[in-house]
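Colleague: You'll find query.tsv just under this line, and it carries TSV, C-alpha atoms and all ligand atoms.
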chain	number	residue	atom	x	y	z
A	1	MET	CA	146.01	200.21	39.25
A	2	THR	CA	145.74	199.44	35.51
A	3	ASP	CA	143.88	201.93	33.32
A	4	ALA	CA	140.69	200.60	31.74
A	5	GLY	CA	140.78	199.73	28.06
A	6	ARG	CA	139.14	201.79	25.34
A	7	LEU	CA	136.15	200.51	23.36
A	8	THR	CA	135.89	201.39	19.68
A	9	VAL	CA	132.86	200.33	17.65
A	10	ILE	CA	132.79	200.12	13.84
A	11	ALA	CA	129.19	199.57	12.78
A	12	GLY	CA	127.08	199.77	9.66
A	13	PRO	CA	125.32	197.71	7.01
A	14	MET	CA	127.01	195.25	4.66
A	15	PHE	CA	129.46	196.77	2.14
A	16	SER	CA	130.01	199.89	4.27
A	17	GLY	CA	133.75	199.23	4.69
A	18	LYS	CA	133.69	197.92	8.26
A	19	SER	CA	136.22	195.17	7.60
A	20	GLU	CA	138.49	197.51	5.60
A	21	GLU	CA	138.46	200.00	8.50
A	22	LEU	CA	139.17	197.26	11.04
A	23	MET	CA	142.13	196.11	8.93
A	24	ARG	CA	143.46	199.66	8.60
A	25	ARG	CA	143.40	200.10	12.37
A	26	VAL	CA	144.99	196.70	13.02
A	27	ARG	CA	147.81	197.48	10.55
A	28	ARG	CA	148.48	200.82	12.28
A	29	ALA	CA	148.47	199.18	15.70
A	30	THR	CA	150.88	196.49	14.53
A	31	ILE	CA	153.28	199.13	13.15
A	32	ALA	CA	153.14	200.81	16.57
A	33	GLY	CA	154.21	197.57	18.27
A	34	VAL	CA	150.82	196.88	19.84
A	35	GLU	CA	150.14	193.19	20.59
A	36	VAL	CA	146.90	192.50	18.71
A	37	LEU	CA	144.58	189.51	18.72
A	38	VAL	CA	142.48	189.63	15.53
A	39	VAL	CA	139.33	187.53	15.77
A	40	SER	CA	137.04	186.38	12.97
A	41	HIS	CA	133.97	184.16	13.34
A	42	SER	CA	134.21	180.59	12.09
A	43	LEU	CA	130.64	180.79	10.73
A	44	ASP	CA	131.90	183.21	8.07
A	45	THR	CA	133.07	180.74	5.44
A	46	ARG	CA	132.99	183.22	2.51
A	47	SER	CA	136.79	183.03	2.28
A	48	ASP	CA	139.67	181.43	4.20
A	49	ILE	CA	138.37	181.41	7.78
A	50	SER	CA	141.88	182.19	9.07
A	51	THR	CA	141.59	185.69	7.64
A	52	ILE	CA	139.37	188.73	7.75
A	53	THR	CA	138.56	189.38	4.10
A	54	SER	CA	136.78	192.39	2.63
A	55	HIS	CA	134.28	192.27	-0.22
A	56	ILE	CA	137.05	193.18	-2.67
A	57	GLY	CA	139.54	190.65	-1.32
A	58	MET	CA	141.76	192.68	1.06
A	59	ASN	CA	142.70	190.44	3.95
A	60	ILE	CA	144.71	190.04	7.13
A	61	PRO	CA	145.34	186.92	9.24
A	62	ALA	CA	142.84	186.26	12.03
A	63	VAL	CA	141.99	183.58	14.56
A	64	PRO	CA	138.62	181.99	13.67
A	65	LEU	CA	136.51	181.36	16.77
A	66	GLY	CA	133.02	179.91	17.07
A	67	ASP	CA	131.72	181.30	20.35
A	68	VAL	CA	132.32	183.73	23.22
A	69	GLU	CA	133.95	181.10	25.46
A	70	SER	CA	136.65	180.43	22.84
A	71	LEU	CA	137.19	184.17	22.45
A	72	VAL	CA	137.66	184.64	26.21
A	73	GLU	CA	140.12	181.74	26.25
A	74	ALA	CA	142.11	183.07	23.26
A	75	ALA	CA	142.22	186.61	24.67
A	76	GLY	CA	143.49	185.31	28.02
A	77	ALA	CA	146.18	183.09	26.48
A	78	GLU	CA	148.62	185.97	25.89
A	79	ASP	CA	149.20	189.50	27.11
A	80	TYR	CA	147.31	191.33	24.36
A	81	ASP	CA	147.03	195.13	24.27
A	82	LEU	CA	144.22	195.10	21.71
A	83	VAL	CA	141.52	192.61	20.73
A	84	ALA	CA	139.90	193.33	17.34
A	85	ILE	CA	136.69	191.43	16.55
A	86	ASP	CA	135.24	191.14	13.02
A	87	GLU	CA	131.57	190.09	12.47
A	88	ALA	CA	130.78	190.69	16.14
A	89	GLN	CA	127.05	190.10	15.53
A	90	PHE	CA	127.79	186.38	15.09
A	91	PHE	CA	128.99	186.14	18.73
A	92	GLY	CA	125.59	187.29	20.05
A	93	PRO	CA	124.69	189.25	23.21
A	94	ASP	CA	127.02	187.18	25.46
A	95	LEU	CA	129.87	189.12	23.86
A	96	VAL	CA	128.94	192.22	25.92
A	97	PRO	CA	130.07	190.95	29.37
A	98	ALA	CA	133.15	189.30	27.82
A	99	VAL	CA	134.25	192.60	26.25
A	100	ASP	CA	133.47	194.44	29.51
A	101	ASP	CA	135.84	192.09	31.28
A	102	LEU	CA	138.64	192.71	28.74
A	103	LEU	CA	138.16	196.48	29.08
A	104	SER	CA	138.26	196.31	32.87
A	105	ARG	CA	141.56	194.43	32.60
A	106	GLY	CA	143.02	197.28	30.54
A	107	VAL	CA	142.74	195.68	27.10
A	108	ASP	CA	141.59	197.94	24.24
A	109	VAL	CA	138.83	196.40	22.12
A	110	ILE	CA	137.55	197.09	18.61
A	111	VAL	CA	134.14	195.59	17.99
A	112	GLU	CA	133.11	195.59	14.32
A	113	GLY	CA	129.86	194.31	12.89
A	114	LEU	CA	126.35	194.76	11.55
A	115	CYS	CA	124.05	196.97	13.61
A	116	VAL	CA	120.95	196.19	11.49
A	117	THR	CA	119.49	192.90	10.23
A	118	PHE	CA	118.33	192.25	6.65
A	119	ASP	CA	114.78	193.05	7.69
A	120	GLY	CA	115.74	196.39	9.17
A	121	ALA	CA	115.76	195.59	12.90
A	122	PRO	CA	118.52	196.45	15.41
A	123	PHE	CA	121.07	193.63	15.45
A	124	GLU	CA	122.46	193.00	18.94
A	125	PRO	CA	125.04	193.19	20.36
A	126	LEU	CA	126.23	196.14	18.21
A	127	PRO	CA	123.60	198.66	19.45
A	128	SER	CA	124.53	197.85	23.07
A	129	PHE	CA	128.21	198.38	22.38
A	130	MET	CA	127.47	201.65	20.55
A	131	ALA	CA	125.76	202.97	23.68
A	132	VAL	CA	128.87	202.70	25.87
A	133	ALA	CA	131.84	203.01	23.49
A	134	GLU	CA	134.52	205.71	23.74
A	135	GLU	CA	134.40	205.90	19.93
A	136	VAL	CA	131.70	204.89	17.44
A	137	LEU	CA	132.40	204.89	13.72
A	138	ARG	CA	129.04	204.58	12.00
A	139	LEU	CA	129.55	203.77	8.30
A	140	THR	CA	127.15	203.70	5.35
A	141	ALA	CA	127.35	201.82	2.06
A	142	VAL	CA	126.26	203.05	-1.38
A	143	CYS	CA	122.63	202.35	-2.36
A	144	THR	CA	122.69	200.11	-5.45
A	145	VAL	CA	119.60	201.87	-6.84
A	146	CYS	CA	120.35	205.59	-6.42
A	147	GLY	CA	123.89	205.94	-5.08
A	148	ARG	CA	122.87	207.68	-1.86
A	149	ASP	CA	123.94	206.62	1.64
A	150	ALA	CA	122.72	203.10	2.38
A	151	VAL	CA	121.99	202.30	6.01
A	152	PHE	CA	120.20	199.04	5.12
A	153	HIS	CA	120.89	195.89	3.13
A	154	GLN	CA	118.45	193.34	1.83
A	155	ARG	CA	118.49	189.79	0.60
A	156	VAL	CA	118.04	189.40	-3.11
A	157	ASP	CA	117.45	186.77	-5.73
A	158	ARG	CA	120.88	185.36	-6.64
A	159	THR	CA	120.58	186.12	-10.37
A	160	GLU	CA	119.42	189.67	-9.81
A	161	ALA	CA	122.17	190.23	-7.25
A	162	ARG	CA	124.71	189.78	-10.02
A	163	VAL	CA	123.30	192.88	-11.70
A	164	ALA	CA	122.69	194.75	-8.46
A	165	GLY	CA	124.63	197.73	-9.74
A	166	THR	CA	121.94	198.30	-12.39
A	167	GLY	CA	119.26	198.79	-9.77
A	168	THR	CA	117.20	195.81	-10.93
A	169	ALA	CA	117.65	193.67	-7.83
A	170	SER	CA	114.52	192.86	-5.88
A	171	ALA	CA	113.62	191.26	-2.57
A	172	ASP	CA	114.18	187.49	-2.50
A	173	SER	CA	110.97	185.59	-3.21
A	174	GLU	CA	112.19	182.61	-1.20
A	175	ARG	CA	112.48	184.30	2.17
A	176	PRO	CA	114.66	182.52	4.72
A	177	THR	CA	112.66	180.75	7.37
A	178	VAL	CA	115.14	181.58	10.14
A	179	ALA	CA	114.50	184.94	11.87
A	180	ALA	CA	116.92	187.69	10.85
A	181	THR	CA	118.15	188.17	14.42
A	182	GLU	CA	119.14	184.48	14.63
A	183	ILE	CA	122.74	183.49	13.96
A	184	ASP	CA	122.43	181.02	11.12
A	185	ALA	CA	124.77	179.70	8.41
A	186	SER	CA	122.00	180.19	5.82
A	187	HIS	CA	122.37	183.97	6.30
A	188	VAL	CA	126.08	184.01	5.46
A	189	GLY	CA	126.73	185.61	2.07
A	190	GLY	CA	128.08	188.56	0.13
A	191	LEU	CA	127.32	190.25	-3.18
A	192	ASP	CA	125.57	187.04	-4.28
A	193	SER	CA	122.92	187.36	-1.58
A	194	TYR	CA	122.66	190.97	-0.38
A	195	VAL	CA	122.51	194.52	-1.78
A	196	ALA	CA	122.97	197.83	0.01
A	197	ARG	CA	119.92	200.09	0.12
A	198	CYS	CA	119.10	203.62	1.28
A	199	ARG	CA	115.97	204.28	3.35
A	200	LYS	CA	113.89	205.06	0.25
A	201	HIS	CA	114.81	201.96	-1.72
A	202	PHE	CA	114.88	199.46	1.13
A	203	THR	CA	111.90	197.15	0.62
A	204	GLY	CA	112.88	194.14	2.68
A	205	VAL	CA	111.08	195.19	5.75
A	206	ALA	CA	108.83	194.34	8.42
A	207	ARG	CA	109.16	197.54	10.44
A	301	LIG	P1	131.82	195.38	5.15
A	301	LIG	O1	132.75	194.59	6.02
A	301	LIG	O2	131.27	196.60	5.82
A	301	LIG	O3	130.73	194.53	4.57
A	301	LIG	P2	134.11	195.54	3.37
A	301	LIG	O4	135.12	196.33	4.15
A	301	LIG	O5	134.29	194.06	3.31
A	301	LIG	O6	132.64	195.93	3.90
A	301	LIG	O7	134.05	196.01	1.87
A	301	LIG	C1	133.86	197.37	1.51
A	301	LIG	C2	134.10	197.47	0.01
A	301	LIG	O8	133.02	196.85	-0.69
A	301	LIG	C3	134.10	198.89	-0.53
A	301	LIG	O9	135.34	199.53	-0.38
A	301	LIG	C4	133.76	198.68	-2.00
A	301	LIG	O10	134.92	198.42	-2.75
A	301	LIG	C5	132.94	197.38	-2.00
A	301	LIG	N1	131.50	197.57	-2.29
A	301	LIG	C6	130.75	196.70	-3.00
A	301	LIG	N2	129.45	197.11	-3.05
A	301	LIG	C7	129.39	198.28	-2.37
A	301	LIG	C8	128.34	199.19	-2.03
A	301	LIG	N3	127.08	198.99	-2.44
A	301	LIG	N4	128.63	200.26	-1.28
A	301	LIG	C9	129.91	200.50	-0.90
A	301	LIG	N5	130.94	199.68	-1.16
A	301	LIG	C10	130.69	198.57	-1.88
A	302	LIG	P1	129.86	191.92	6.17
A	302	LIG	O1	129.38	192.86	7.23
A	302	LIG	O2	131.34	191.73	6.18
A	302	LIG	O3	129.33	192.26	4.83
A	302	LIG	O4	129.31	190.48	6.54
A	302	LIG	C1	128.04	190.27	7.10
A	302	LIG	C2	127.75	188.79	7.21
A	302	LIG	O5	126.57	188.63	8.00
A	302	LIG	C3	127.48	188.08	5.87
A	302	LIG	O6	128.02	186.74	5.92
A	302	LIG	C4	125.97	187.97	5.81
A	302	LIG	C5	125.59	187.86	7.28
A	302	LIG	N1	124.27	188.43	7.65
A	302	LIG	C6	123.54	187.84	8.66
A	302	LIG	O7	123.95	186.82	9.22
A	302	LIG	N2	122.34	188.39	9.01
A	302	LIG	C7	121.87	189.54	8.44
A	302	LIG	O8	120.77	190.02	8.82
A	302	LIG	C8	122.66	190.17	7.40
A	302	LIG	C9	122.21	191.42	6.74
A	302	LIG	C10	123.86	189.57	7.05
A	303	MG	MG	133.02	192.66	6.79
Could you spell out this file's structure in structure tokens?
Modeller:
Amino acid sequence: MTDAGRLTVIAGPMFSGKSEELMRRVRRATIAGVEVLVVSHSLDTRSDISTITSHIGMNIPAVPLGDVESLVEAAGAEDYDLVAIDEAQFFGPDLVPAVDDLLSRGVDVIVEGLCVTFDGAPFEPLPSFMAVAEEVLRLTAVCTVCGRDAVFHQRVDRTEARVAGTGTASADSERPTVAATEIDASHVGGLDSYVARCRKHFTGVAR
């Protein structure tokens, strides 16, 4: 009987180095001769969608997929040892049973994504994966106001975001109309739209 796969979760706010850590692990696995399927989400159009790209431009090739069904199909197309998923929050809660199935078939899985929304709420499916993973790497970013550990991120005015490092960024006056837990193209963004914040300086809330 095949051994079950191992679930690793890399979770945190934006800018916490989740994508860099996923890339590091994928590179190591590749050197070790592991057959890896690297998955990005096609909603993430910040850079070439056929890559996973970090905020400072590090990248590796990836297969861009738009939903869980496509992911299941791609993972079943070859005999992969490891499936590594970037931006897992974009696949939504249906990703949980799909990953369970891969694990039960002996495939190792790395699930990487945001565990908190821009208004400070748990962002499924990451919390569910964290509950049952063999390994959870919980990362923090650097608060752009005080430099302490940031577990949150918030949307900002685009002009102020450009000077986020000075601590002058503030919550966006034109709040998005789509709920933070929804998967929506209007939420996609980087340093132009979000800043990392510690618990003290996070003001984007409704908690
Ligand atoms: P994530 O995927 O978690 O959003 P990335 O792996 O793409 O993060 O990028 C992490 C990199 O972002 C860091 O190594 C650093 O160079 C850069 N960075 C920019 N702003 C911040 C910040 N506020 N805190 C930490 N790193 C930041
Ligand atoms: P990152 O984790 O690599 O920084 O990318 C997170 C992506 O998710 C980015 O495109 C912005 C988007 N996003 C949401 O869709 N909803 C949210 O609540 C937050 C904070 C980010
Ligand atoms: Mg990332």
Colleague: Of the candidates A:Val36, A:Val99, A:Met23, A:Ile49, which one gets nearest to Gly5 of chain A if we count all atoms listed in the file?
Modeller: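 Nearest candidate to Gly5 of chain A out of A:Val36, A:Val99, A:Met23, A:Ile49: A:Val99.
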Colleague: For the interface of segment 126-163 of chain A with segment 81-88 of chain A (cut-off 12 Å, counting all atoms listed in the file), please tabulate each contacting residue of segment 126-163 of chain A alongside its nearest pair of atoms and their separation in Å to one decimal, rows sorted by chain and increasing number, as CSV.
Modeller:
residue,atom,partner,partner_atom,distance
A:Leu126,CA,A:Ala88,CA,7.4
A:Pro127,CA,A:Ala88,CA,11.2
A:Ser128,CA,A:Ala88,CA,11.8
A:Phe129,CA,A:Ala88,CA,10.2
Colleague: Which residues sit within 10 Å of ligand LIG 302 (chain A), counting only C-alpha atoms and all ligand atoms, listed as a PyMOL selection string?
Modeller: chain A and resi 11-20+41+43-46+52-55+86-90+112-123+152-155+178-191+193-196
Colleague: So, with only C-alpha atoms and all ligand atoms as the atoms that count, which of A:Ser50, A:Ser42, A:Thr140, A:Ser104 lies closest to ligand LIG 301 (chain A)?
Modeller: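 Checking each candidate against ligand LIG 301 (chain A), we get A:Thr140 as the closest.
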Colleague: In terms of the shortest atom-to-atom distance over only C-alpha atoms and all ligand atoms, which of A:Ala131, A:Leu22, A:Leu95, A:Leu7 is closest to ligand MG 303 (chain A)?
Modeller: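 Smallest separation from ligand MG 303 (chain A) among the options: A:Leu22.
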Colleague: Taking all atoms listed in the file into account, which of A:Asp101, A:Glu124, A:Glu134, A:Ile56 comes nearest ligand MG 303 (chain A)?
Modeller: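 For ligand MG 303 (chain A), the nearest of the given residues is A:Ile56.
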Colleague: Just the number, please: distance in Å from atom CA of Glu78 of chain A to atom CA of Asp100 of chain A, one decimal.
Modeller: 17.7 Å
Colleague: One decimal, in Å: what's the spacing between atom CA of Val142 of chain A and atom CA of Arg28 of chain A?
Modeller: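 If I compute the distance from atom CA of Val142 of chain A to atom CA of Arg28 of chain A, I get 26.2 Å.
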Colleague: Would you work out the distance separating atom CA of Thr51 of chain A from atom CA of Leu103 of chain A, expressed in Å to one decimal?
Modeller: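 So the answer is 24.2 Å.
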Colleague: Of the candidates A:Pro93, A:Gly33, A:Gly57, A:Pro64, which one gets nearest to ligand MG 303 (chain A) if we count all atoms listed in the file?
Modeller: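 Between A:Pro93, A:Gly33, A:Gly57, A:Pro64, the residue approaching ligand MG 303 (chain A) most closely is A:Gly57.
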Colleague: Which one is closest to ligand MG 303 (chain A): A:Ala29, A:Val111, A:Met130, A:Leu102? Count only C-alpha atoms and all ligand atoms.
Modeller: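 For ligand MG 303 (chain A), the nearest of the candidates is A:Val111.
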Colleague: Please provide the set of residues having any atom within 12 Å of Ser70 of chain A, restricted to only C-alpha atoms, with same-chain residues fewer than 2 positions apart removed, written as a PyMOL selection string.
Modeller: chain A and resi 39-42+63-68+72-77+91+95+98
Colleague: Write out as AutoDock Vina command-line options an axis-aligned box for ligand LIG 301 (chain A): all of its atoms listed in the file, 8 Å added on each side, centre and edge lengths in Å with one decimal.
Modeller:
--center_x 131.2 --center_y 197.3 --center_z 1.5 --size_x 24.3 --size_y 22.4 --size_z 25.1
